[in-house]
Amino acid sequence: MAKVAFIGLGVMGFPMAGHLKIKGGHDVTVYNRTGEKAAAWAEKFSGKSAPTPAEAAEGADFVFVCVGNDEDLRSVTSGDSGALHGMKPGSVLVDNTTASAEVARELYAAAKQKGVDFIDAPVSGGQAGAENGVLTVMCGGDEAVYERARPVIEAYARMVGLMGPAGSGQLTKMVNQICIAGLVQGLAEGLHFGKRAGLDIEKVVEVISKGAAGSWQMENRHKTMNAGKYDFGFAVDWMRKDLGIVLAEARRNGAKLPVTAVVDQFYGDVQAMGGNRWDTSSLLARLEK
């Protein structure tokens, strides 16, 4: 059992922290910007909460963070009352936020200055993956530190891998989002075409999902997409945030991402339709408006 802090109790962090407490058997203290949510977590999981990230991190062996973006991450780690101010030498900061590779490298250096280790560890699998403890975790950092952190991370994951030095986890998550963006647009266009052609979508998917066109998105989202329901996972606002990070990194490294750039704009159209909180499969709604 380790002493663990978890900072950020959104739709992902709340159940992830719960798995660390219940499945992992760790001593968990949480912090959330909205104190009521931290209190609700502590009551549900018989854990503890703290009024600041620094206080949550005091004495912890591992501090996990899962917040919204780069600036949120800087605030709760190195800002006033940030976790790094309370962490003990030799402890490990594990960042599950989907953020830039740049901020990951920045926090790696800031942690080292305080005698603390750092792993960037963004996750894939959405809210359902977090609730069921089956997330995929892509890590960047030092191998020895990763090997210390991996058994703890496994409490909420089904797949954990070290991708390379600091920032590599975030870069791998960018690859993940690039692949998803193009795939969902292709699925949306296929369903749209099939409906316009007068085909029975269920029969179509039953057949093509067993061939080369099959995907997790097709298996898990085609029914809700066909029904025009888009309240089943990762929100458009968050996908646009992620694709903004991807496209900024591509400008730095020279990668050509024409499809990703177009799909990002399509998600902008969905936002303009009022679909900010719809899930990412709502690209179909744009085609059918």
# chains A, B, ... in the order shown; residues from 1 in each chain; ligands from 1

call {"tool": "residues_around", "arguments": {"residues": "Pro89 (chain A)", "least_positions_apart": "5", "cutoff": "12 Å", "atoms": "only C-alpha atoms", "output": "PyMOL selection string"}}
result
chain A and resi 57-62+84+111-118

call {"tool": "residues_around", "arguments": {"residues": "region 25-42 of chain A", "least_positions_apart": "5", "cutoff": "9 Å", "atoms": "only C-alpha atoms", "output": "list in words"}}
result
Met1, Ala2, Lys3, Val4, Ala5, Phe6, Ile7, Gly8, Leu9, Gly10, Phe14, Pro15, Ala17, Gly18, His19, Leu20, Gly47, Lys48, Ser49, Ala50, Pro51, Thr52, Pro53, Glu55, Ala56, Ala57, Ala60, Val152 and Ala155 of chain A

call {"tool": "write_last_selection", "arguments": {"atoms": "N, CA, C and O atoms", "output": "mmCIF file, in the first residue's frame"}}
result
data_model
loop_
_atom_site.group_PDB
_atom_site.id
_atom_site.type_symbol
_atom_site.label_atom_id
_atom_site.label_comp_id
_atom_site.auth_asym_id
_atom_site.auth_seq_id
_atom_site.Cartn_x
_atom_site.Cartn_y
_atom_site.Cartn_z
ATOM 1 N N MET A 1 0.844 -1.206 0.000
ATOM 2 C CA MET A 1 0.000 0.000 0.000
ATOM 3 C C MET A 1 0.873 1.248 0.000
ATOM 4 O O MET A 1 1.864 1.311 0.727
ATOM 5 N N ALA A 2 0.494 2.210 -0.817
ATOM 6 C CA ALA A 2 1.221 3.473 -0.885
ATOM 7 C C ALA A 2 0.335 4.603 -0.374
ATOM 8 O O ALA A 2 -0.893 4.495 -0.344
ATOM 9 N N LYS A 3 0.965 5.686 0.008
ATOM 10 C CA LYS A 3 0.231 6.902 0.357
ATOM 11 C C LYS A 3 0.115 7.718 -0.922
ATOM 12 O O LYS A 3 1.127 8.064 -1.547
ATOM 13 N N VAL A 4 -1.104 8.005 -1.335
ATOM 14 C CA VAL A 4 -1.381 8.585 -2.650
ATOM 15 C C VAL A 4 -2.236 9.838 -2.512
ATOM 16 O O VAL A 4 -3.141 9.897 -1.671
ATOM 17 N N ALA A 5 -1.939 10.836 -3.353
ATOM 18 C CA ALA A 5 -2.812 12.006 -3.491
ATOM 19 C C ALA A 5 -3.357 12.016 -4.907
ATOM 20 O O ALA A 5 -2.672 11.597 -5.848
ATOM 21 N N PHE A 6 -4.590 12.485 -5.056
ATOM 22 C CA PHE A 6 -5.181 12.620 -6.394
ATOM 23 C C PHE A 6 -5.803 14.003 -6.508
ATOM 24 O O PHE A 6 -6.658 14.374 -5.698
ATOM 25 N N ILE A 7 -5.378 14.731 -7.530
ATOM 26 C CA ILE A 7 -5.792 16.119 -7.713
ATOM 27 C C ILE A 7 -6.593 16.238 -9.004
ATOM 28 O O ILE A 7 -6.069 15.983 -10.091
ATOM 29 N N GLY A 8 -7.859 16.613 -8.881
ATOM 30 C CA GLY A 8 -8.731 16.787 -10.040
ATOM 31 C C GLY A 8 -9.747 15.670 -10.129
ATOM 32 O O GLY A 8 -9.426 14.565 -10.558
ATOM 33 N N LEU A 9 -10.986 15.953 -9.743
ATOM 34 C CA LEU A 9 -12.017 14.920 -9.653
ATOM 35 C C LEU A 9 -13.143 15.160 -10.653
ATOM 36 O O LEU A 9 -14.320 15.210 -10.297
ATOM 37 N N GLY A 10 -12.768 15.297 -11.931
ATOM 38 C CA GLY A 10 -13.773 15.409 -12.985
ATOM 39 C C GLY A 10 -14.340 14.040 -13.314
ATOM 40 O O GLY A 10 -14.238 13.086 -12.532
ATOM 41 N N PHE A 14 -12.490 11.343 -10.763
ATOM 42 C CA PHE A 14 -13.299 10.842 -9.645
ATOM 43 C C PHE A 14 -13.249 9.312 -9.567
ATOM 44 O O PHE A 14 -12.884 8.745 -8.530
ATOM 45 N N PRO A 15 -13.584 8.601 -10.668
ATOM 46 C CA PRO A 15 -13.500 7.141 -10.570
ATOM 47 C C PRO A 15 -12.072 6.610 -10.535
ATOM 48 O O PRO A 15 -11.811 5.573 -9.899
ATOM 49 N N ALA A 17 -9.476 7.913 -9.001
ATOM 50 C CA ALA A 17 -9.071 7.983 -7.598
ATOM 51 C C ALA A 17 -9.753 6.889 -6.783
ATOM 52 O O ALA A 17 -9.157 6.313 -5.861
ATOM 53 N N GLY A 18 -11.004 6.598 -7.132
ATOM 54 C CA GLY A 18 -11.726 5.530 -6.447
ATOM 55 C C GLY A 18 -11.067 4.175 -6.640
ATOM 56 O O GLY A 18 -10.962 3.377 -5.697
ATOM 57 N N HIS A 19 -10.599 3.900 -7.839
ATOM 58 C CA HIS A 19 -9.917 2.631 -8.101
ATOM 59 C C HIS A 19 -8.606 2.535 -7.318
ATOM 60 O O HIS A 19 -8.236 1.452 -6.842
ATOM 61 N N LEU A 20 -7.905 3.659 -7.188
ATOM 62 C CA LEU A 20 -6.664 3.654 -6.399
ATOM 63 C C LEU A 20 -6.950 3.293 -4.940
ATOM 64 O O LEU A 20 -6.168 2.588 -4.302
ATOM 65 N N GLY A 47 -12.367 7.918 1.981
ATOM 66 C CA GLY A 47 -11.035 8.497 1.874
ATOM 67 C C GLY A 47 -10.962 9.832 2.564
ATOM 68 O O GLY A 47 -11.803 10.165 3.409
ATOM 69 N N LYS A 48 -9.950 10.617 2.198
ATOM 70 C CA LYS A 48 -9.743 11.922 2.824
ATOM 71 C C LYS A 48 -9.641 12.991 1.746
ATOM 72 O O LYS A 48 -9.276 12.709 0.614
ATOM 73 N N SER A 49 -9.919 14.213 2.127
ATOM 74 C CA SER A 49 -9.743 15.342 1.213
ATOM 75 C C SER A 49 -8.891 16.399 1.892
ATOM 76 O O SER A 49 -8.760 16.418 3.122
ATOM 77 N N ALA A 50 -8.304 17.278 1.081
ATOM 78 C CA ALA A 50 -7.458 18.352 1.589
ATOM 79 C C ALA A 50 -7.859 19.659 0.914
ATOM 80 O O ALA A 50 -8.382 19.663 -0.205
ATOM 81 N N PRO A 51 -7.604 20.815 1.563
ATOM 82 C CA PRO A 51 -8.047 22.098 1.027
ATOM 83 C C PRO A 51 -7.168 22.664 -0.082
ATOM 84 O O PRO A 51 -7.577 23.589 -0.780
ATOM 85 N N THR A 52 -5.939 22.156 -0.244
ATOM 86 C CA THR A 52 -5.043 22.632 -1.303
ATOM 87 C C THR A 52 -4.295 21.436 -1.901
ATOM 88 O O THR A 52 -4.143 20.407 -1.238
ATOM 89 N N PRO A 53 -3.792 21.589 -3.143
ATOM 90 C CA PRO A 53 -2.976 20.500 -3.707
ATOM 91 C C PRO A 53 -1.737 20.204 -2.868
ATOM 92 O O PRO A 53 -1.371 19.034 -2.693
ATOM 93 N N GLU A 55 -1.292 20.483 0.357
ATOM 94 C CA GLU A 55 -1.647 19.737 1.566
ATOM 95 C C GLU A 55 -2.034 18.301 1.228
ATOM 96 O O GLU A 55 -1.738 17.373 1.978
ATOM 97 N N ALA A 56 -2.703 18.109 0.103
ATOM 98 C CA ALA A 56 -3.037 16.748 -0.325
ATOM 99 C C ALA A 56 -1.769 15.932 -0.576
ATOM 100 O O ALA A 56 -1.712 14.731 -0.304
ATOM 101 N N ALA A 57 -0.738 16.614 -1.105
ATOM 102 C CA ALA A 57 0.505 15.940 -1.509
ATOM 103 C C ALA A 57 1.465 15.670 -0.361
ATOM 104 O O ALA A 57 2.419 14.900 -0.523
ATOM 105 N N ALA A 60 2.933 12.137 0.559
ATOM 106 C CA ALA A 60 2.500 11.140 -0.420
ATOM 107 C C ALA A 60 3.688 10.513 -1.144
ATOM 108 O O ALA A 60 4.679 11.183 -1.438
ATOM 109 N N VAL A 152 1.058 0.970 -9.360
ATOM 110 C CA VAL A 152 0.028 1.836 -8.782
ATOM 111 C C VAL A 152 -0.952 2.273 -9.880
ATOM 112 O O VAL A 152 -2.178 2.221 -9.701
ATOM 113 N N ALA A 155 -4.068 0.145 -11.127
ATOM 114 C CA ALA A 155 -5.354 0.091 -10.426
ATOM 115 C C ALA A 155 -6.495 0.599 -11.297
ATOM 116 O O ALA A 155 -7.649 0.183 -11.110
#

call {"tool": "closest_atom_pairs", "arguments": {"of": "region 141-232 of chain A", "to": "region 255-272 of chain A", "cutoff": "12 Å", "atoms": "only C-alpha atoms", "output": "JSON lines"}}
result
{"residue": "A:Met174", "atom": "CA", "partner": "A:Thr260", "partner_atom": "CA", "distance": 10.8}
{"residue": "A:Val175", "atom": "CA", "partner": "A:Thr260", "partner_atom": "CA", "distance": 10.6}
{"residue": "A:Asn176", "atom": "CA", "partner": "A:Thr260", "partner_atom": "CA", "distance": 11.5}
{"residue": "A:Gln177", "atom": "CA", "partner": "A:Thr260", "partner_atom": "CA", "distance": 8.9}
{"residue": "A:Ile178", "atom": "CA", "partner": "A:Thr260", "partner_atom": "CA", "distance": 6.1}
{"residue": "A:Cys179", "atom": "CA", "partner": "A:Thr260", "partner_atom": "CA", "distance": 8.5}
{"residue": "A:Ile180", "atom": "CA", "partner": "A:Thr260", "partner_atom": "CA", "distance": 9.3}
{"residue": "A:Ala181", "atom": "CA", "partner": "A:Thr260", "partner_atom": "CA", "distance": 6.3}
{"residue": "A:Gly182", "atom": "CA", "partner": "A:Thr260", "partner_atom": "CA", "distance": 6.5}
{"residue": "A:Leu183", "atom": "CA", "partner": "A:Val263", "partner_atom": "CA", "distance": 10.0}
{"residue": "A:Val184", "atom": "CA", "partner": "A:Val263", "partner_atom": "CA", "distance": 9.2}
{"residue": "A:Gln185", "atom": "CA", "partner": "A:Val263", "partner_atom": "CA", "distance": 7.0}
{"residue": "A:Gly186", "atom": "CA", "partner": "A:Val263", "partner_atom": "CA", "distance": 10.2}
{"residue": "A:Ala188", "atom": "CA", "partner": "A:Val263", "partner_atom": "CA", "distance": 11.4}
{"residue": "A:Glu189", "atom": "CA", "partner": "A:Val263", "partner_atom": "CA", "distance": 12.0}
{"residue": "A:Tyr230", "atom": "CA", "partner": "A:Val270", "partner_atom": "CA", "distance": 11.4}

call {"tool": "closest_residue", "arguments": {"among": "A:Ser78, A:Gly140, A:Met12, A:Lys88", "to": "Ser124 (chain A)", "atoms": "only C-alpha atoms"}}
result
A:Met12

call {"tool": "atom_distance", "arguments": {"atom1": "CA of Leu135 (chain A)", "atom2": "CA of Cys66 (chain A)"}}
result
13.4 Å

call {"tool": "atom_distance", "arguments": {"atom1": "CA of Arg105 (chain A)", "atom2": "CA of Leu73 (chain A)"}}
result
12.6 Å

call {"tool": "residues_around", "arguments": {"residues": "Gly125 (chain A)", "least_positions_apart": "4", "cutoff": "8 Å", "atoms": "only C-alpha atoms", "output": "ChimeraX atom specification"}}
result
/A:129-130,134-136

call {"tool": "write_last_selection", "arguments": {"atoms": "N, CA and C atoms", "output": "short mmCIF file (atom, residue, chain, number, x, y, z; two decimals), in the first residue's frame"}}
result
data_model
loop_
_atom_site.label_atom_id
_atom_site.label_comp_id
_atom_site.auth_asym_id
_atom_site.auth_seq_id
_atom_site.Cartn_x
_atom_site.Cartn_y
_atom_site.Cartn_z
N GLY A 129 -14.19 3.98 -19.56
CA GLY A 129 -12.93 3.33 -19.23
C GLY A 129 -12.46 3.68 -17.84
N ALA A 130 -12.66 4.95 -17.46
CA ALA A 130 -12.28 5.38 -16.11
C ALA A 130 -13.15 4.69 -15.06
N VAL A 134 -10.38 0.44 -16.84
CA VAL A 134 -9.75 -0.24 -17.98
C VAL A 134 -9.15 0.78 -18.96
N LEU A 135 -8.55 1.82 -18.45
CA LEU A 135 -7.95 2.84 -19.30
C LEU A 135 -6.64 2.35 -19.92
N THR A 136 -6.29 2.94 -21.05
CA THR A 136 -4.97 2.76 -21.64
C THR A 136 -4.14 3.97 -21.22
#

call {"tool": "residues_around", "arguments": {"residues": "Glu154 (chain A)", "least_positions_apart": "4", "cutoff": "9 Å", "atoms": "only C-alpha atoms", "output": "ChimeraX atom specification"}}
result
/A:20,24,133-135,137,149-150,158-160

call {"tool": "write_last_selection", "arguments": {"atoms": "N, CA, C and O atoms", "output": "mmCIF file, in the first residue's frame"}}
result
data_model
loop_
_atom_site.group_PDB
_atom_site.id
_atom_site.type_symbol
_atom_site.label_atom_id
_atom_site.label_comp_id
_atom_site.auth_asym_id
_atom_site.auth_seq_id
_atom_site.Cartn_x
_atom_site.Cartn_y
_atom_site.Cartn_z
ATOM 1 N N LEU A 20 -7.905 3.659 -7.188
ATOM 2 C CA LEU A 20 -6.664 3.654 -6.399
ATOM 3 C C LEU A 20 -6.950 3.293 -4.940
ATOM 4 O O LEU A 20 -6.168 2.588 -4.302
ATOM 5 N N GLY A 24 -6.748 -0.672 -5.673
ATOM 6 C CA GLY A 24 -5.330 -0.629 -5.333
ATOM 7 C C GLY A 24 -5.054 -0.781 -3.851
ATOM 8 O O GLY A 24 -3.951 -1.163 -3.459
ATOM 9 N N GLY A 133 -12.200 1.057 -14.795
ATOM 10 C CA GLY A 133 -10.807 0.788 -14.471
ATOM 11 C C GLY A 133 -10.043 0.104 -15.576
ATOM 12 O O GLY A 133 -9.144 -0.696 -15.305
ATOM 13 N N VAL A 134 -10.376 0.435 -16.839
ATOM 14 C CA VAL A 134 -9.746 -0.240 -17.982
ATOM 15 C C VAL A 134 -9.148 0.776 -18.961
ATOM 16 O O VAL A 134 -9.218 0.598 -20.168
ATOM 17 N N LEU A 135 -8.549 1.817 -18.450
ATOM 18 C CA LEU A 135 -7.949 2.836 -19.301
ATOM 19 C C LEU A 135 -6.638 2.347 -19.921
ATOM 20 O O LEU A 135 -5.975 1.466 -19.386
ATOM 21 N N VAL A 137 -2.950 3.740 -20.690
ATOM 22 C CA VAL A 137 -2.112 4.809 -20.145
ATOM 23 C C VAL A 137 -0.785 4.839 -20.897
ATOM 24 O O VAL A 137 -0.075 3.836 -20.961
ATOM 25 N N ALA A 149 6.072 3.387 -10.620
ATOM 26 C CA ALA A 149 4.712 3.913 -10.708
ATOM 27 C C ALA A 149 3.729 2.928 -11.329
ATOM 28 O O ALA A 149 2.530 2.944 -11.009
ATOM 29 N N ARG A 150 4.224 2.064 -12.224
ATOM 30 C CA ARG A 150 3.325 1.199 -12.997
ATOM 31 C C ARG A 150 2.380 0.363 -12.129
ATOM 32 O O ARG A 150 1.175 0.306 -12.415
ATOM 33 N N ARG A 158 -5.968 -1.060 -17.989
ATOM 34 C CA ARG A 158 -5.787 -2.411 -18.534
ATOM 35 C C ARG A 158 -4.525 -2.489 -19.381
ATOM 36 O O ARG A 158 -4.055 -3.575 -19.697
ATOM 37 N N MET A 159 -3.992 -1.325 -19.774
ATOM 38 C CA MET A 159 -2.767 -1.286 -20.562
ATOM 39 C C MET A 159 -1.958 -0.081 -20.127
ATOM 40 O O MET A 159 -2.470 1.040 -20.097
ATOM 41 N N VAL A 160 -0.695 -0.317 -19.753
ATOM 42 C CA VAL A 160 0.217 0.761 -19.377
ATOM 43 C C VAL A 160 1.522 0.537 -20.126
ATOM 44 O O VAL A 160 2.053 -0.574 -20.132
#

call {"tool": "decode", "arguments": {"residues": "region 68-131 of chain A", "atoms": "C-alpha atoms", "output": "PDB file, in the first residue's frame"}}
result
ATOM      1  CA  GLY A  68      -8.251  20.316 -17.899  1.00  0.00           C
ATOM      2  CA  ASN A  69      -5.303  21.864 -19.717  1.00  0.00           C
ATOM      3  CA  ASP A  70      -1.726  23.163 -19.489  1.00  0.00           C
ATOM      4  CA  GLU A  71      -2.585  26.196 -17.377  1.00  0.00           C
ATOM      5  CA  ASP A  72      -4.721  24.181 -14.950  1.00  0.00           C
ATOM      6  CA  LEU A  73      -1.841  21.738 -14.673  1.00  0.00           C
ATOM      7  CA  ARG A  74       0.718  24.449 -13.928  1.00  0.00           C
ATOM      8  CA  SER A  75      -1.606  25.944 -11.328  1.00  0.00           C
ATOM      9  CA  VAL A  76      -2.147  22.749  -9.317  1.00  0.00           C
ATOM     10  CA  THR A  77       1.476  21.584  -9.511  1.00  0.00           C
ATOM     11  CA  SER A  78       3.858  24.545  -9.424  1.00  0.00           C
ATOM     12  CA  GLY A  79       1.519  27.471  -8.674  1.00  0.00           C
ATOM     13  CA  ASP A  80       0.752  28.892  -5.240  1.00  0.00           C
ATOM     14  CA  SER A  81      -0.179  25.953  -2.976  1.00  0.00           C
ATOM     15  CA  GLY A  82       0.646  23.587  -5.866  1.00  0.00           C
ATOM     16  CA  ALA A  83       1.439  19.944  -5.249  1.00  0.00           C
ATOM     17  CA  LEU A  84       5.192  20.295  -5.819  1.00  0.00           C
ATOM     18  CA  HIS A  85       5.366  22.564  -2.752  1.00  0.00           C
ATOM     19  CA  GLY A  86       4.125  19.706  -0.564  1.00  0.00           C
ATOM     20  CA  MET A  87       5.799  16.684  -2.139  1.00  0.00           C
ATOM     21  CA  LYS A  88       8.633  14.906  -0.386  1.00  0.00           C
ATOM     22  CA  PRO A  89      11.957  14.064  -2.096  1.00  0.00           C
ATOM     23  CA  GLY A  90      11.810  10.753  -3.940  1.00  0.00           C
ATOM     24  CA  SER A  91       8.054  10.870  -4.483  1.00  0.00           C
ATOM     25  CA  VAL A  92       6.517  10.640  -7.948  1.00  0.00           C
ATOM     26  CA  LEU A  93       4.189  13.095  -9.711  1.00  0.00           C
ATOM     27  CA  VAL A  94       2.026  11.270 -12.284  1.00  0.00           C
ATOM     28  CA  ASP A  95       0.124  13.528 -14.680  1.00  0.00           C
ATOM     29  CA  ASN A  96      -2.952  11.963 -16.311  1.00  0.00           C
ATOM     30  CA  THR A  97      -4.012  15.232 -17.952  1.00  0.00           C
ATOM     31  CA  THR A  98      -4.045  15.375 -21.750  1.00  0.00           C
ATOM     32  CA  ALA A  99      -1.690  18.311 -22.170  1.00  0.00           C
ATOM     33  CA  SER A 100       1.205  19.460 -24.337  1.00  0.00           C
ATOM     34  CA  ALA A 101       4.547  17.675 -24.520  1.00  0.00           C
ATOM     35  CA  GLU A 102       6.084  21.062 -23.737  1.00  0.00           C
ATOM     36  CA  VAL A 103       4.424  21.330 -20.316  1.00  0.00           C
ATOM     37  CA  ALA A 104       5.342  17.716 -19.567  1.00  0.00           C
ATOM     38  CA  ARG A 105       9.027  18.464 -20.127  1.00  0.00           C
ATOM     39  CA  GLU A 106       8.672  21.661 -18.102  1.00  0.00           C
ATOM     40  CA  LEU A 107       7.175  19.801 -15.136  1.00  0.00           C
ATOM     41  CA  TYR A 108       9.777  17.042 -15.407  1.00  0.00           C
ATOM     42  CA  ALA A 109      12.496  19.679 -14.954  1.00  0.00           C
ATOM     43  CA  ALA A 110      10.615  21.504 -12.164  1.00  0.00           C
ATOM     44  CA  ALA A 111      10.082  18.242 -10.290  1.00  0.00           C
ATOM     45  CA  LYS A 112      13.746  17.250 -10.606  1.00  0.00           C
ATOM     46  CA  GLN A 113      14.772  20.572  -9.050  1.00  0.00           C
ATOM     47  CA  LYS A 114      12.789  19.597  -5.957  1.00  0.00           C
ATOM     48  CA  GLY A 115      14.106  16.035  -5.842  1.00  0.00           C
ATOM     49  CA  VAL A 116      10.793  14.694  -7.139  1.00  0.00           C
ATOM     50  CA  ASP A 117      10.236  12.351 -10.103  1.00  0.00           C
ATOM     51  CA  PHE A 118       7.704  12.921 -12.880  1.00  0.00           C
ATOM     52  CA  ILE A 119       5.770  10.765 -15.346  1.00  0.00           C
ATOM     53  CA  ASP A 120       3.445  12.192 -18.007  1.00  0.00           C
ATOM     54  CA  ALA A 121       0.688   9.589 -18.304  1.00  0.00           C
ATOM     55  CA  PRO A 122      -2.314  10.707 -20.394  1.00  0.00           C
ATOM     56  CA  VAL A 123      -5.112   8.177 -20.700  1.00  0.00           C
ATOM     57  CA  SER A 124      -7.478   6.877 -23.359  1.00  0.00           C
ATOM     58  CA  GLY A 125     -10.757   5.064 -22.845  1.00  0.00           C
ATOM     59  CA  GLY A 126     -13.136   7.852 -21.889  1.00  0.00           C
ATOM     60  CA  GLN A 127     -15.484   8.081 -18.952  1.00  0.00           C
ATOM     61  CA  ALA A 128     -16.564   4.445 -19.275  1.00  0.00           C
ATOM     62  CA  GLY A 129     -12.929   3.327 -19.231  1.00  0.00           C
ATOM     63  CA  ALA A 130     -12.278   5.376 -16.111  1.00  0.00           C
ATOM     64  CA  GLU A 131     -15.365   4.046 -14.336  1.00  0.00           C
TER      65      GLU A 131
END
